[in-house]
Structures are given as structure tokens and as C-alpha cells.
Amino acid sequence: SDLAVAIAAVSSLVGIPVRSDTAFVGEVGLLGELRPVHSLEKRIGEARRMGFSRIVTPSSVRRKKKSPRSKGGGNSGGTVPGPKEVSAGGIKQIMCDNVLDAINCGLVDKLPTKQTRGGPKLRKPKRSKDNGSMYEQDIILDDEDDLMFE
């Protein structure tokens, strides 16, 4: 599913491993929202059969956000934002509304809130002298002088 690929990509980029006991099922929308998939119960059962003890899925019930004009201005509907956990049939189902919640539930450690200086730096590739295009020999190197992430 899209969610599993997104988690793997983030894990690779930030260097935080994915929890080995967790499976991921769901589609990721363009704005980071998680969308349900067909046959979710069958997929949960299959993950349990394969030995996973946790599964991250989209929330089954969409939570409505209150408009800024509504009285009470907050979360007075009784729902708590963030992932919900439900244990049933030997597997813990973690239901998330967005991809950031799913990432934090699926990685060994939570994502850092701020980019650190020691992270990888990107550098613009050199252009060839012939026609200005990149060739296979052009390599993007780690350059400590470039402050692209700051």
C-alpha cells in the first residue's frame, strides 16, 4: 500500500528504522491524509497470521474539524486528536488520521521536530561543459558547507 512505501521512504531518509512488529495498510492522499482500503479486516487478519503484533491503518471514522467560527473553539466534541489504539484478536490496530501520525507510530523513534545540523546536506550537481545537461558521471556529494536545510 501507499502507506508502507511512505513509511519506508521516510525511514530511509531520516535513518530511523521501522518497527519490525508493525504492518501498514492504507492509501496516502496528496495532503497527507490516510484513506481506507478495501478488505481491511482481511488484511488485518493476514497480518496477524504472518506474525505481526501491530498494524497501522487509517481511522475508520473521519473526525470533523470545528470551524473557527463555532463556539467552544476547540475540541469539545469529545474526540482526542492523534492515533487511537484498539486490541482485538491478538493484534493491536493503531488508527491514524494522517501520515505524520502513522510515521511516528511505525518508526522505532519519533521523528525529530527540527532538522539538526548533522543531517545530510544536498549539493547542486555540476553541469557538463558540452550542453549543460547532467551525465552519469555527475555525482551528488555530501557537502558540509551547504546549508540547504537551515
# chains A, B, ... in the order shown; residues from 1 in each chain; ligands from 1
>>> residues_around(residues="Ser20 (chain A)", least_positions_apart="3", cutoff="9 Å", atoms="only C-alpha atoms", output="PDB file with all heavy atoms, in the first residue's frame")
ATOM      1  N   PRO A  17      14.952   3.280  11.930  1.00  0.00           N
ATOM      2  CA  PRO A  17      14.371   2.033  11.426  1.00  0.00           C
ATOM      3  C   PRO A  17      12.876   1.905  11.696  1.00  0.00           C
ATOM      4  O   PRO A  17      12.346   2.486  12.643  1.00  0.00           O
ATOM      5  CB  PRO A  17      15.134   0.935  12.168  1.00  0.00           C
ATOM      6  CG  PRO A  17      16.047   1.600  13.117  1.00  0.00           C
ATOM      7  CD  PRO A  17      15.924   3.072  12.982  1.00  0.00           C
ATOM      8  N   ALA A  23       2.848  -3.789  10.766  1.00  0.00           N
ATOM      9  CA  ALA A  23       2.447  -3.791   9.356  1.00  0.00           C
ATOM     10  C   ALA A  23       1.691  -2.487   9.079  1.00  0.00           C
ATOM     11  O   ALA A  23       1.168  -1.861   9.997  1.00  0.00           O
ATOM     12  CB  ALA A  23       1.561  -4.993   9.055  1.00  0.00           C
ATOM     13  N   PHE A  52       2.680 -10.399  12.751  1.00  0.00           N
ATOM     14  CA  PHE A  52       2.761  -9.010  13.200  1.00  0.00           C
ATOM     15  C   PHE A  52       1.905  -8.836  14.454  1.00  0.00           C
ATOM     16  O   PHE A  52       0.816  -9.404  14.551  1.00  0.00           O
ATOM     17  CB  PHE A  52       2.270  -8.047  12.113  1.00  0.00           C
ATOM     18  CG  PHE A  52       3.195  -7.955  10.937  1.00  0.00           C
ATOM     19  CD1 PHE A  52       2.927  -8.642   9.764  1.00  0.00           C
ATOM     20  CD2 PHE A  52       4.343  -7.183  10.999  1.00  0.00           C
ATOM     21  CE1 PHE A  52       3.770  -8.563   8.680  1.00  0.00           C
ATOM     22  CE2 PHE A  52       5.200  -7.097   9.919  1.00  0.00           C
ATOM     23  CZ  PHE A  52       4.921  -7.784   8.753  1.00  0.00           C
ATOM     24  N   GLY A 106       4.989   4.089  13.531  1.00  0.00           N
ATOM     25  CA  GLY A 106       5.644   2.977  12.860  1.00  0.00           C
ATOM     26  C   GLY A 106       7.146   2.933  12.949  1.00  0.00           C
ATOM     27  O   GLY A 106       7.755   1.900  12.686  1.00  0.00           O
ATOM     28  N   VAL A 108      10.883   3.243  15.026  1.00  0.00           N
ATOM     29  CA  VAL A 108      11.403   2.889  16.338  1.00  0.00           C
ATOM     30  C   VAL A 108      11.425   4.110  17.251  1.00  0.00           C
ATOM     31  O   VAL A 108      11.088   4.024  18.428  1.00  0.00           O
ATOM     32  CB  VAL A 108      12.816   2.269  16.199  1.00  0.00           C
ATOM     33  CG1 VAL A 108      13.469   2.072  17.542  1.00  0.00           C
ATOM     34  CG2 VAL A 108      12.741   0.960  15.449  1.00  0.00           C
TER      35      VAL A 108
END
>>> atom_distance(atom1="CA of Leu3 (chain A)", atom2="CA of Gln93 (chain A)")
14.7 Å
>>> select_by_dssp(residues="region 8-38 of chain A", states="alpha helix (DSSP H)", output="list in words")
Ala8, Ala9, Val10, Ser11, Ser12, Leu13 and Val14 of chain A
>>> closest_residue(among="A:Ser11, A:Asn98, A:Ser39, A:Thr22", to="Gly51 (chain A)", atoms="only C-alpha atoms")
A:Thr22
>>> residues_around(residues="Gly89 (chain A)", least_positions_apart="2", cutoff="12 Å", atoms="only C-alpha atoms", output="JSON, numbers by chain")
{"A": [41, 44, 45, 46, 47, 48, 49, 52, 53, 54, 86, 87, 91, 92, 93]}
>>> closest_residue(among="A:Leu31, A:Ile16, A:Met95, A:Leu40", to="Leu111 (chain A)", atoms="only C-alpha atoms")
A:Ile16
>>> residues_around(residues="Ile94 (chain A)", least_positions_apart="2", cutoff="6 Å", atoms="only C-alpha atoms", output="list in words")
Val56, Lys84 and Glu85 of chain A
>>> residues_around(residues="Ala4 (chain A)", least_positions_apart="6", cutoff="8 Å", atoms="only C-alpha atoms", output="list in words")
Ala23, Phe24, Val25 and Gly26 of chain A
>>> write_last_selection(atoms="C-alpha atoms", output="short mmCIF file (atom, residue, chain, number, x, y, z; two decimals), in the first residue's frame")
data_model
loop_
_atom_site.label_atom_id
_atom_site.label_comp_id
_atom_site.auth_asym_id
_atom_site.auth_seq_id
_atom_site.Cartn_x
_atom_site.Cartn_y
_atom_site.Cartn_z
CA ALA A 23 2.45 -3.79 9.36
CA PHE A 24 0.97 -0.85 7.42
CA VAL A 25 -2.25 -0.72 5.40
CA GLY A 26 -3.72 2.37 3.77
#
